[in-house]
Amino acid sequence: MKEIEINAKVRENLGKKASRALRKLELVPCVLYGTEKNIHFSASEKEFKKLVYTPNLYYAKLMLDGKEYKAILKDIQFHPVSDKIIHIDFQNIIENKPITVPVPVKVEGFAKGVQEGGKLYVDAHRLKVKGFFKDIVEEIVVNVTELTIGKSIKVADLKLNNLVVVEPSNKTVASVRITRIAKEAEVAAETVETAEGAAAPVEGESVPAEGTAVPADGVAATAPALAPAAKGKEKGKEKGKEKGKERR
């Protein structure tokens with residue numbers, strides 16, 4: 001971890017009134033926990049900008065009236081309207097005691113799912129890890145090269161040396177999801193395939209001859225057979241014609 005040096009002074013006067021007075025002077029009231037006795041101090045707001053307003057992980061080297069302390073930022077409070085820093089809690093670093101810090105997540109690699117038209121999402125930009133100060137890393141590197149569409153990397157998939165991720169094991173760190181445009185194209189392709197499949201005749205099925213009327217149910221209509229009475233009339237007409245020829 002990289003360090004940021006902060007020059008501060010131990011506070012003699014405590015309480016809300018004293019804290020308000022410090023803020024008017026653009027000083028931030030702070031507390032350092034984890035020492036033999038909690039230390040109350042203050043420092044200029046400018047001293048904390050590099051420590052607070054950064055995506056990187058740092059620890060603070062606090063210079064308090066000539067004494068040096070290594071500490072990590074434990075909690076910070078901002079003004080609800082101006083967003084100015086109004087209070088900071090620090091945790092003293094003890095080499096042989098584990099600490100918990102939020103470590104930035106860095107993604108590397110060109111995901112296969114992105115090459116196939118998907119979109120990469122980084123679902124966790126920081127993860128809380130627990131371990132000894134000497135083992136804390138500046139960033140957690142996650143390789144997404146093998147991620148395909150619909151797949152994700154969970155906390156349970158991470159392997160960190162001498163560190164424990166203090167997050168739910170099923171928490172998603174990174175994932176590749178199909179885009180809206182790709183999804184619409186996929187649906188359109190499926191619709192075309194379905195339409196083409198419905199239009200093609202089934203193997204072994206006869207195709208109606210040209211000119212044959214085909215009703216809505218798809219069955220070709222055929223001429224109805226002559227009724228028995230109609231057949232008799234036809235035969236009578238033929239016999240009458242033959243007798244007329246004989247008389248002539």
# chains A, B, ... in the order shown; residues from 1 in each chain; ligands from 1
call {"tool": "residues_around", "arguments": {"residues": "Val173 in chain A", "least_positions_apart": "3", "cutoff": "6 Å", "atoms": "only C-alpha atoms", "output": "PyMOL selection string"}}
result
chain A and resi 123-124+153-154
call {"tool": "residues_around", "arguments": {"residues": "range 112-114 of chain A", "least_positions_apart": "4", "cutoff": "6 Å", "atoms": "only C-alpha atoms", "output": "PyMOL selection string"}}
result
chain A and resi 118-119+146-149
call {"tool": "residues_around", "arguments": {"residues": "Ala60 in chain A", "least_positions_apart": "4", "cutoff": "9 Å", "atoms": "only C-alpha atoms", "output": "MDAnalysis selection string"}}
result
chainID A and resid 2:6 51 69:73 90
call {"tool": "atom_distance", "arguments": {"atom1": "CA of Leu160 in chain A", "atom2": "CA of Asn92 in chain A"}}
result
23.7 Å
call {"tool": "closest_residue", "arguments": {"among": "A:Val81, A:Val105, A:Ile140, A:Ile94", "to": "Lys159 in chain A", "atoms": "only C-alpha atoms"}}
result
A:Ile140
call {"tool": "residues_around", "arguments": {"residues": "Phe41 in chain A", "least_positions_apart": "2", "cutoff": "10 Å", "atoms": "only C-alpha atoms", "output": "PDB file with C-alpha atoms, in the first residue's frame"}}
result
ATOM      1  CA  ALA A   8      -2.029  17.113  12.310  1.00  0.00           C
ATOM      2  CA  LYS A   9      -2.289  18.419  15.856  1.00  0.00           C
ATOM      3  CA  VAL A  10      -3.674  16.716  18.936  1.00  0.00           C
ATOM      4  CA  ARG A  11      -6.908  18.300  20.143  1.00  0.00           C
ATOM      5  CA  GLU A  12      -7.110  19.647  23.659  1.00  0.00           C
ATOM      6  CA  ASN A  13     -10.728  20.797  23.610  1.00  0.00           C
ATOM      7  CA  LEU A  14     -13.413  18.223  22.801  1.00  0.00           C
ATOM      8  CA  LEU A  27     -10.004  22.054  10.066  1.00  0.00           C
ATOM      9  CA  VAL A  28     -11.408  18.515  10.301  1.00  0.00           C
ATOM     10  CA  PRO A  29     -11.939  16.861  13.715  1.00  0.00           C
ATOM     11  CA  CYS A  30     -10.572  13.283  13.751  1.00  0.00           C
ATOM     12  CA  VAL A  31     -10.123  10.316  16.075  1.00  0.00           C
ATOM     13  CA  LEU A  32      -7.435   7.639  15.949  1.00  0.00           C
ATOM     14  CA  ASN A  38      -7.939   7.021  21.581  1.00  0.00           C
ATOM     15  CA  ILE A  39      -6.274  10.127  20.168  1.00  0.00           C
ATOM     16  CA  ALA A  43      -5.892  18.705  10.418  1.00  0.00           C
ATOM     17  CA  LEU A  64       0.856  14.033  15.480  1.00  0.00           C
ATOM     18  CA  ASP A  65       2.966  16.515  17.419  1.00  0.00           C
ATOM     19  CA  ILE A  88     -12.917  11.212  10.082  1.00  0.00           C
TER      20      ILE A  88
END
call {"tool": "closest_residue", "arguments": {"among": "A:Lys97, A:Lys106, A:Lys46, A:His125", "to": "Val144 in chain A", "atoms": "only C-alpha atoms"}}
result
A:Lys106
call {"tool": "atom_distance", "arguments": {"atom1": "CA of Thr54 in chain A", "atom2": "CA of Glu26 in chain A"}}
result
20.4 Å
call {"tool": "select_by_dssp", "arguments": {"residues": "range 36-202 of chain A", "states": "alpha helix (DSSP H)", "output": "JSON, numbers by chain"}}
result
{"A": [49, 50, 51, 52, 112, 113, 114, 115, 180, 181, 182, 183, 184, 185, 186, 187, 188, 189, 190, 191, 192, 193, 194, 195, 196, 197, 198, 199]}
call {"tool": "closest_residue", "arguments": {"among": "A:Ala174, A:Met1, A:Leu127, A:Ala111", "to": "Val142 in chain A", "atoms": "only C-alpha atoms"}}
result
A:Ala174
call {"tool": "residues_around", "arguments": {"residues": "Phe78 in chain A", "least_positions_apart": "5", "cutoff": "10 Å", "atoms": "only C-alpha atoms", "output": "list in words"}}
result
Asp83, Lys84, Ile85, Ile86, His87 and Ile88 of chain A
call {"tool": "select_by_dssp", "arguments": {"residues": "range 19-169 of chain A", "states": "strand (DSSP E or B)", "output": "PyMOL selection string"}}
result
chain A and resi 27-33+39-44+58-64+67-78+85-92+99-108+118-122+126-131+140-143+152-154+164-165
